[in-house]
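Peer 1: Contents of my_file_10.cif (mmCIF, C-alpha atoms and all ligand atoms; chains and numbers go by the auth columns) are below:
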```cif
data_structure
#
loop_
_atom_site.group_PDB
_atom_site.id
_atom_site.type_symbol
_atom_site.label_atom_id
_atom_site.label_comp_id
_atom_site.label_asym_id
_atom_site.label_seq_id
_atom_site.Cartn_x
_atom_site.Cartn_y
_atom_site.Cartn_z
_atom_site.B_iso_or_equiv
_atom_site.auth_seq_id
_atom_site.auth_asym_id
ATOM 1 C CA MET A 1 25.091 -16.957 -7.303 0.00 149 Z
ATOM 2 C CA ALA A 2 21.857 -16.831 -9.304 0.00 150 Z
ATOM 3 C CA ASN A 3 18.693 -15.367 -7.809 0.00 151 Z
ATOM 4 C CA THR A 4 15.971 -17.802 -6.819 0.00 152 Z
ATOM 5 C CA GLU A 5 12.392 -16.659 -7.064 0.00 153 Z
ATOM 6 C CA THR A 6 9.384 -18.189 -5.321 0.00 154 Z
ATOM 7 C CA VAL A 7 5.827 -17.254 -6.182 0.00 155 Z
ATOM 8 C CA ILE A 8 4.070 -16.263 -2.957 0.00 156 Z
ATOM 9 C CA LEU A 9 0.758 -15.202 -4.476 0.00 157 Z
ATOM 10 C CA ASP A 10 -0.648 -15.624 -7.993 0.00 158 Z
ATOM 11 C CA ARG A 11 -3.514 -13.601 -9.496 0.00 159 Z
ATOM 12 C CA ASN A 12 -6.136 -15.644 -7.637 0.00 160 Z
ATOM 13 C CA GLY A 13 -4.262 -15.466 -4.342 0.00 161 Z
ATOM 14 C CA ILE A 14 -3.918 -11.696 -4.661 0.00 162 Z
ATOM 15 C CA SER A 15 -7.599 -11.376 -5.525 0.00 163 Z
ATOM 16 C CA ARG A 16 -8.620 -13.459 -2.504 0.00 164 Z
ATOM 17 C CA GLY A 17 -6.396 -11.395 -0.196 0.00 165 Z
ATOM 18 C CA LEU A 18 -7.756 -8.088 -1.517 0.00 166 Z
ATOM 19 C CA THR A 19 -11.355 -9.314 -1.319 0.00 167 Z
ATOM 20 C CA ARG A 20 -10.858 -10.269 2.326 0.00 168 Z
ATOM 21 C CA ILE A 21 -9.292 -6.879 3.041 0.00 169 Z
ATOM 22 C CA ALA A 22 -12.256 -5.132 1.371 0.00 170 Z
ATOM 23 C CA HIS A 23 -14.657 -7.028 3.671 0.00 171 Z
ATOM 24 C CA GLU A 24 -12.509 -6.268 6.734 0.00 172 Z
ATOM 25 C CA ILE A 25 -12.426 -2.551 5.894 0.00 173 Z
ATOM 26 C CA LEU A 26 -16.217 -2.457 5.550 0.00 174 Z
ATOM 27 C CA GLU A 27 -16.690 -4.442 8.752 0.00 175 Z
ATOM 28 C CA ARG A 28 -14.374 -2.245 10.809 0.00 176 Z
ATOM 29 C CA ASN A 29 -15.708 1.035 9.377 0.00 177 Z
ATOM 30 C CA LYS A 30 -19.370 -0.067 9.350 0.00 178 Z
ATOM 31 C CA GLY A 31 -19.728 0.597 5.609 0.00 179 Z
ATOM 32 C CA VAL A 32 -18.410 3.256 3.270 0.00 180 Z
ATOM 33 C CA ALA A 33 -19.656 6.453 4.937 0.00 181 Z
ATOM 34 C CA ASN A 34 -16.701 8.756 5.619 0.00 182 Z
ATOM 35 C CA LEU A 35 -14.241 6.346 3.983 0.00 183 Z
ATOM 36 C CA VAL A 36 -11.552 7.358 1.467 0.00 184 Z
ATOM 37 C CA LEU A 37 -8.764 5.296 -0.118 0.00 185 Z
ATOM 38 C CA VAL A 38 -5.290 6.713 -0.739 0.00 186 Z
ATOM 39 C CA GLY A 39 -2.683 4.570 -2.512 0.00 187 Z
ATOM 40 C CA ILE A 40 1.065 5.150 -2.236 0.00 188 Z
ATOM 41 C CA ARG A 41 2.842 5.509 -5.596 0.00 189 Z
ATOM 42 C CA SER A 42 3.902 3.336 -7.073 0.00 190 Z
ATOM 43 C CA GLY A 43 2.099 0.062 -6.518 0.00 191 Z
ATOM 44 C CA GLY A 44 -0.168 1.092 -3.658 0.00 192 Z
ATOM 45 C CA ASP A 45 -2.095 3.375 -6.026 0.00 193 Z
ATOM 46 C CA HIS A 46 -2.945 0.403 -8.276 0.00 194 Z
ATOM 47 C CA LEU A 47 -3.997 -1.721 -5.290 0.00 195 Z
ATOM 48 C CA ALA A 48 -6.152 1.101 -3.900 0.00 196 Z
ATOM 49 C CA ARG A 49 -7.997 1.158 -7.243 0.00 197 Z
ATOM 50 C CA GLU A 50 -8.566 -2.612 -6.989 0.00 198 Z
ATOM 51 C CA LEU A 51 -9.888 -2.210 -3.439 0.00 199 Z
ATOM 52 C CA ARG A 52 -12.244 0.553 -4.527 0.00 200 Z
ATOM 53 C CA SER A 53 -13.670 -1.712 -7.194 0.00 201 Z
ATOM 54 C CA LEU A 54 -14.060 -4.641 -4.749 0.00 202 Z
ATOM 55 C CA ILE A 55 -15.736 -2.378 -2.165 0.00 203 Z
ATOM 56 C CA ALA A 56 -18.106 -1.097 -4.886 0.00 204 Z
ATOM 57 C CA ASP A 57 -18.978 -4.703 -5.813 0.00 205 Z
ATOM 58 C CA ILE A 58 -19.937 -5.371 -2.182 0.00 206 Z
ATOM 59 C CA GLU A 59 -21.559 -2.048 -1.200 0.00 207 Z
ATOM 60 C CA GLY A 60 -22.701 -0.666 -4.573 0.00 208 Z
ATOM 61 C CA GLU A 61 -20.910 2.612 -3.928 0.00 209 Z
ATOM 62 C CA GLU A 62 -17.523 3.961 -5.048 0.00 210 Z
ATOM 63 C CA VAL A 63 -15.456 5.567 -2.318 0.00 211 Z
ATOM 64 C CA PRO A 64 -13.205 8.563 -3.116 0.00 212 Z
ATOM 65 C CA LEU A 65 -9.782 7.480 -4.398 0.00 213 Z
ATOM 66 C CA GLY A 66 -6.515 9.390 -4.173 0.00 214 Z
ATOM 67 C CA ALA A 67 -2.800 8.763 -4.643 0.00 215 Z
ATOM 68 C CA VAL A 68 0.160 10.072 -2.683 0.00 216 Z
ATOM 69 C CA ASP A 69 3.775 10.386 -3.785 0.00 217 Z
ATOM 70 C CA VAL A 70 6.150 10.291 -0.832 0.00 218 Z
ATOM 71 C CA THR A 71 9.409 11.255 -2.583 0.00 219 Z
ATOM 72 C CA MET A 72 9.755 14.670 -0.900 0.00 220 Z
ATOM 73 C CA TYR A 73 8.937 13.182 2.516 0.00 221 Z
ATOM 74 C CA ARG A 74 11.479 10.358 2.475 0.00 222 Z
ATOM 75 C CA ASP A 75 14.058 10.313 5.264 0.00 223 Z
ATOM 76 C CA ASP A 76 16.772 9.172 2.813 0.00 224 Z
ATOM 77 C CA LEU A 77 16.153 11.896 0.234 0.00 225 Z
ATOM 78 C CA GLY A 78 19.704 13.231 0.608 0.00 226 Z
ATOM 79 C CA SER A 79 21.462 9.869 0.312 0.00 227 Z
ATOM 80 C CA ARG A 80 19.431 8.052 -2.330 0.00 228 Z
ATOM 81 C CA GLY A 81 20.464 9.892 -5.502 0.00 229 Z
ATOM 82 C CA PRO A 82 18.011 11.147 -8.127 0.00 230 Z
ATOM 83 C CA MET A 83 14.493 9.718 -7.878 0.00 231 Z
ATOM 84 C CA ALA A 84 11.562 9.950 -10.267 0.00 232 Z
ATOM 85 C CA MET A 85 8.807 11.928 -8.616 0.00 233 Z
ATOM 86 C CA GLY A 86 5.147 11.081 -9.068 0.00 234 Z
ATOM 87 C CA LYS A 87 2.110 13.226 -8.457 0.00 235 Z
ATOM 88 C CA THR A 88 0.032 13.450 -5.303 0.00 236 Z
ATOM 89 C CA GLU A 89 -3.620 13.563 -6.365 0.00 237 Z
ATOM 90 C CA ILE A 90 -6.133 13.790 -3.550 0.00 238 Z
ATOM 91 C CA PRO A 91 -9.118 15.617 -5.060 0.00 239 Z
ATOM 92 C CA PHE A 92 -11.199 15.687 -1.854 0.00 240 Z
ATOM 93 C CA PRO A 93 -10.751 17.105 1.657 0.00 241 Z
ATOM 94 C CA LEU A 94 -9.104 14.760 4.156 0.00 242 Z
ATOM 95 C CA ASP A 95 -10.432 16.565 7.229 0.00 243 Z
ATOM 96 C CA GLY A 96 -12.512 14.267 9.403 0.00 244 Z
ATOM 97 C CA ARG A 97 -12.306 11.307 6.968 0.00 245 Z
ATOM 98 C CA ASN A 98 -11.394 7.696 7.731 0.00 246 Z
ATOM 99 C CA VAL A 99 -8.398 7.282 5.416 0.00 247 Z
ATOM 100 C CA ILE A 100 -7.342 3.838 4.244 0.00 248 Z
ATOM 101 C CA LEU A 101 -3.710 4.183 3.203 0.00 249 Z
ATOM 102 C CA VAL A 102 -2.751 1.406 0.781 0.00 250 Z
ATOM 103 C CA ASP A 103 0.658 0.025 -0.171 0.00 251 Z
ATOM 104 C CA ASP A 104 1.974 -3.122 -1.798 0.00 252 Z
ATOM 105 C CA VAL A 105 4.796 -4.056 0.616 0.00 253 Z
ATOM 106 C CA LEU A 106 5.347 -3.109 4.265 0.00 254 Z
ATOM 107 C CA TYR A 107 8.987 -3.506 5.311 0.00 255 Z
ATOM 108 C CA THR A 108 10.817 -0.962 7.524 0.00 256 Z
ATOM 109 C CA GLY A 109 7.728 1.279 7.781 0.00 257 Z
ATOM 110 C CA ARG A 110 9.621 4.342 6.552 0.00 258 Z
ATOM 111 C CA THR A 111 7.452 4.773 3.434 0.00 259 Z
ATOM 112 C CA ILE A 112 4.327 4.721 5.610 0.00 260 Z
ATOM 113 C CA ARG A 113 5.785 7.347 7.971 0.00 261 Z
ATOM 114 C CA ALA A 114 6.515 9.530 4.939 0.00 262 Z
ATOM 115 C CA ALA A 115 3.005 8.984 3.534 0.00 263 Z
ATOM 116 C CA MET A 116 1.362 9.892 6.843 0.00 264 Z
ATOM 117 C CA ASP A 117 3.374 13.127 6.984 0.00 265 Z
ATOM 118 C CA ALA A 118 2.308 13.921 3.407 0.00 266 Z
ATOM 119 C CA LEU A 119 -1.371 13.307 4.277 0.00 267 Z
ATOM 120 C CA ILE A 120 -1.262 15.344 7.465 0.00 268 Z
ATOM 121 C CA ASP A 121 0.179 18.285 5.496 0.00 269 Z
ATOM 122 C CA LEU A 122 -3.048 18.191 3.458 0.00 270 Z
ATOM 123 C CA GLY A 123 -5.612 17.899 6.236 0.00 271 Z
ATOM 124 C CA ARG A 124 -6.581 16.311 9.528 0.00 272 Z
ATOM 125 C CA PRO A 125 -8.130 12.884 8.922 0.00 273 Z
ATOM 126 C CA ARG A 126 -10.298 11.406 11.680 0.00 274 Z
ATOM 127 C CA ASN A 127 -8.013 8.385 11.508 0.00 275 Z
ATOM 128 C CA ILE A 128 -5.555 6.691 9.164 0.00 276 Z
ATOM 129 C CA GLN A 129 -5.709 2.928 8.723 0.00 277 Z
ATOM 130 C CA LEU A 130 -3.126 0.922 6.791 0.00 278 Z
ATOM 131 C CA ALA A 131 -3.777 -1.830 4.248 0.00 279 Z
ATOM 132 C CA VAL A 132 -0.888 -3.711 2.620 0.00 280 Z
ATOM 133 C CA LEU A 133 -0.767 -6.660 0.269 0.00 281 Z
ATOM 134 C CA VAL A 134 2.393 -8.096 1.882 0.00 282 Z
ATOM 135 C CA ASP A 135 3.917 -7.539 5.325 0.00 283 Z
ATOM 136 C CA ARG A 136 7.483 -8.875 5.218 0.00 284 Z
ATOM 137 C CA GLY A 137 8.512 -7.770 8.734 0.00 285 Z
ATOM 138 C CA HIS A 138 11.742 -5.943 9.788 0.00 286 Z
ATOM 139 C CA ARG A 139 10.061 -2.774 11.031 0.00 287 Z
ATOM 140 C CA GLU A 140 12.335 0.140 11.984 0.00 288 Z
ATOM 141 C CA LEU A 141 9.500 2.381 13.206 0.00 289 Z
ATOM 142 C CA PRO A 142 6.481 1.711 15.461 0.00 290 Z
ATOM 143 C CA ILE A 143 4.101 1.109 12.547 0.00 291 Z
ATOM 144 C CA ARG A 144 1.742 -1.815 11.941 0.00 292 Z
ATOM 145 C CA ALA A 145 -0.825 -2.648 9.287 0.00 293 Z
ATOM 146 C CA ASP A 146 -4.548 -2.887 10.069 0.00 294 Z
ATOM 147 C CA TYR A 147 -5.234 -5.074 7.011 0.00 295 Z
ATOM 148 C CA VAL A 148 -2.706 -7.550 5.555 0.00 296 Z
ATOM 149 C CA GLY A 149 -3.082 -9.708 2.441 0.00 297 Z
ATOM 150 C CA ARG A 150 -0.262 -12.062 3.396 0.00 298 Z
ATOM 151 C CA ASN A 151 2.395 -12.071 6.122 0.00 299 Z
ATOM 152 C CA VAL A 152 5.651 -13.305 4.580 0.00 300 Z
ATOM 153 C CA PRO A 153 8.565 -13.973 6.935 0.00 301 Z
ATOM 154 C CA THR A 154 11.722 -12.827 5.128 0.00 302 Z
ATOM 155 C CA ALA A 155 15.422 -12.344 5.653 0.00 303 Z
ATOM 156 C CA ARG A 156 16.701 -8.789 5.255 0.00 304 Z
ATOM 157 C CA GLU A 157 18.687 -9.674 2.138 0.00 305 Z
ATOM 158 C CA GLU A 158 15.588 -11.069 0.425 0.00 306 Z
ATOM 159 C CA ASN A 159 13.208 -8.957 -1.586 0.00 307 Z
ATOM 160 C CA ILE A 160 9.490 -9.012 -2.272 0.00 308 Z
ATOM 161 C CA LEU A 161 8.417 -8.065 -5.780 0.00 309 Z
ATOM 162 C CA VAL A 162 4.806 -7.250 -6.622 0.00 310 Z
ATOM 163 C CA GLU A 163 4.312 -7.396 -10.375 0.00 311 Z
ATOM 164 C CA PHE A 164 1.591 -5.489 -12.230 0.00 312 Z
ATOM 165 C CA ASP A 165 0.490 -5.960 -15.842 0.00 313 Z
ATOM 166 C CA GLU A 166 0.144 -3.211 -18.481 0.00 314 Z
ATOM 167 C CA ASN A 167 -3.308 -2.336 -17.072 0.00 315 Z
ATOM 168 C CA GLN A 168 -1.854 -1.913 -13.565 0.00 316 Z
ATOM 169 C CA LYS A 169 -3.583 -5.077 -12.375 0.00 317 Z
ATOM 170 C CA PRO A 170 -1.627 -7.112 -9.801 0.00 318 Z
ATOM 171 C CA VAL A 171 -0.349 -10.323 -11.367 0.00 319 Z
ATOM 172 C CA GLU A 172 2.058 -11.999 -8.975 0.00 320 Z
ATOM 173 C CA VAL A 173 3.977 -11.588 -5.710 0.00 321 Z
ATOM 174 C CA ARG A 174 7.446 -13.156 -5.665 0.00 322 Z
ATOM 175 C CA LEU A 175 10.066 -13.670 -2.974 0.00 323 Z
ATOM 176 C CA ILE A 176 13.522 -13.136 -4.425 0.00 324 Z
ATOM 177 C CA LYS A 177 16.611 -14.604 -2.756 0.00 325 Z
ATOM 178 C CA SER A 178 19.962 -13.423 -4.055 0.00 326 Z
HETATM 179 O O1 LIG B . 8.540 -0.172 4.511 0.00 401 I
HETATM 180 P P1 LIG B . 9.621 0.336 3.600 0.00 401 I
HETATM 181 O O2 LIG B . 10.996 -0.097 4.003 0.00 401 I
HETATM 182 O O3 LIG B . 9.541 1.809 3.368 0.00 401 I
HETATM 183 O O4 LIG B . 9.420 -0.385 2.200 0.00 401 I
HETATM 184 C C1 LIG B . 8.182 -0.489 1.545 0.00 401 I
HETATM 185 C C2 LIG B . 8.156 0.315 0.289 0.00 401 I
HETATM 186 O O5 LIG B . 9.178 -0.120 -0.581 0.00 401 I
HETATM 187 C C3 LIG B . 8.641 -0.149 -1.899 0.00 401 I
HETATM 188 O O6 LIG B . 8.719 1.095 -2.460 0.00 401 I
HETATM 189 P P2 LIG B . 10.064 1.645 -3.085 0.00 401 I
HETATM 190 O O7 LIG B . 10.698 2.592 -2.140 0.00 401 I
HETATM 191 O O8 LIG B . 10.903 0.511 -3.568 0.00 401 I
HETATM 192 O O9 LIG B . 9.508 2.522 -4.275 0.00 401 I
HETATM 193 P P3 LIG B . 8.588 2.063 -5.519 0.00 401 I
HETATM 194 O O10 LIG B . 7.422 1.268 -4.996 0.00 401 I
HETATM 195 O O11 LIG B . 8.134 3.337 -6.111 0.00 401 I
HETATM 196 O O12 LIG B . 9.481 1.282 -6.429 0.00 401 I
HETATM 197 C C4 LIG B . 7.202 -0.557 -1.687 0.00 401 I
HETATM 198 O O13 LIG B . 6.385 -0.186 -2.782 0.00 401 I
HETATM 199 C C5 LIG B . 6.830 0.146 -0.424 0.00 401 I
HETATM 200 O O14 LIG B . 6.263 1.406 -0.700 0.00 401 I
HETATM 201 O O1 LIG B . 11.258 -6.394 -0.280 0.00 402 I
HETATM 202 C C1 LIG B . 10.852 -5.252 -0.431 0.00 402 I
HETATM 203 C C2 LIG B . 11.192 -4.211 0.456 0.00 402 I
HETATM 204 C C3 LIG B . 10.699 -2.983 0.245 0.00 402 I
HETATM 205 N N1 LIG B . 9.912 -2.777 -0.822 0.00 402 I
HETATM 206 C C4 LIG B . 9.595 -3.764 -1.678 0.00 402 I
HETATM 207 O O2 LIG B . 8.852 -3.534 -2.643 0.00 402 I
HETATM 208 N N2 LIG B . 10.064 -4.984 -1.460 0.00 402 I
#
```
Kindly present the structure from the file in structure tokens form.
Peer 2:
Amino acid sequence: MANTETVILDRNGISRGLTRIAHEILERNKGVANLVLVGIRSGGDHLARELRSLIADIEGEEVPLGAVDVTMYRDDLGSRGPMAMGKTEIPFPLDGRNVILVDDVLYTGRTIRAAMDALIDLGRPRNIQLAVLVDRGHRELPIRADYVGRNVPTAREENILVEFDENQKPVEVRLIKS
């Protein structure tokens, strides 16, 4: 049977969701002092860059931006076959910082567990908060997001695709039923 695809968010919808998240982050953290953004490769790193730009538009200040690759921290490393590995680039100390971890889709929570282990190997943040563009449910670990662009109820066999253009700007979020 052919796949059916439904657009959940277009460019404007994504932009509105990220703008709201930027305001929520600033509200909860009382501004940008002590704040850093770390995006999970790949996808979360592009969204973290968008959030940094939106926060700068509101506060007039750019917060430190990093990216984490979770490949070596995955709990299915042995069973998944070869995987392309990205680079973790966090060019600032994490100790004592309020870290906003950013990803595109939150599903089982296993990627977030891996990312938190990767961060904690690098330092001891004051806290880690989680921002995701889409929460599709079906958690397998006790993990929740602090900031959510859109909650999308899904069936396990469905898939959420976040598409980026050639400049790594988010273009569309689609729900794919196969
Ligand atoms: O909550 P989880 O069940 O861990 O799923 C969420 C993760 O799945 C996707 O990454 P994927 O592993 O497909 O890698 P990619 O983004 O690099 O393609 C997505 O970008 C999230 O990081
Ligand atoms: O639907 C899903 C599940 C995990 N990761 C995605 O990007 N989409």
Peer 1: Write as a ChimeraX atom specification the residues around ligand LIG 401 (chain I), taking 7 Å as the cut-off and counting only C-alpha atoms and all ligand atoms.
Peer 2: /Z:188-192,251-260
Peer 1: Residues within 12 Å of (-9.3, 10.3, 0.0), file coordinates, counting only C-alpha atoms: what are they? Give the list as a VMD selection string.
Peer 2: chain Z and resid 180 182 to 188 193 196 to 197 200 210 to 216 236 to 250 267 270 to 277
Peer 1: Between atom CA of Z:Gly234 and atom CA of Z:Leu157, what is the distance in Å, rounded to a tenth?
Peer 2: 27.0 Å
Peer 1: Using only C-alpha atoms and all ligand atoms for the distances, tell me which of Z:His286, Z:Arg222, Z:Lys317, Z:His194 is nearest to ligand LIG 402 (chain I).
Peer 2: Z:His286
Peer 1: Put the listed atoms of ligand LIG 402 (chain I) in a box along x, y and z with 4 Å added on every side and give me the centre and edge lengths in Å to one decimal, as AutoDock Vina command-line options.
Peer 2:
```
--center_x 10.1 --center_y -4.6 --center_z -1.1 --size_x 10.4 --size_y 11.6 --size_z 11.1
```
Peer 1: Restricting the calculation to all atoms listed in the file: of Z:Asn307, Z:Thr154, Z:Thr167, Z:Ser201, which residue gets closest to ligand LIG 402 (chain I)?
Peer 2: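 Ranking Z:Asn307, Z:Thr154, Z:Thr167, Z:Ser201 by distance to ligand LIG 402 (chain I), first place goes to Z:Asn307.
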Peer 1: Could you check which of Z:Pro290, Z:Gly285, Z:Gly179, Z:Gly297 is closest to ligand LIG 402 (chain I), using only C-alpha atoms and all ligand atoms?
Peer 2: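 Nearest to ligand LIG 402 (chain I): Z:Gly285.
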Peer 1: Taking the file as shown, find all residues satisfying the PyMOL selection byres (((chain Z and resi 207) around 12) and not hetatm) and write them as a PyMOL selection string.
Peer 2: chain Z and resi 170-171+173-175+178-181+199-206+208-211
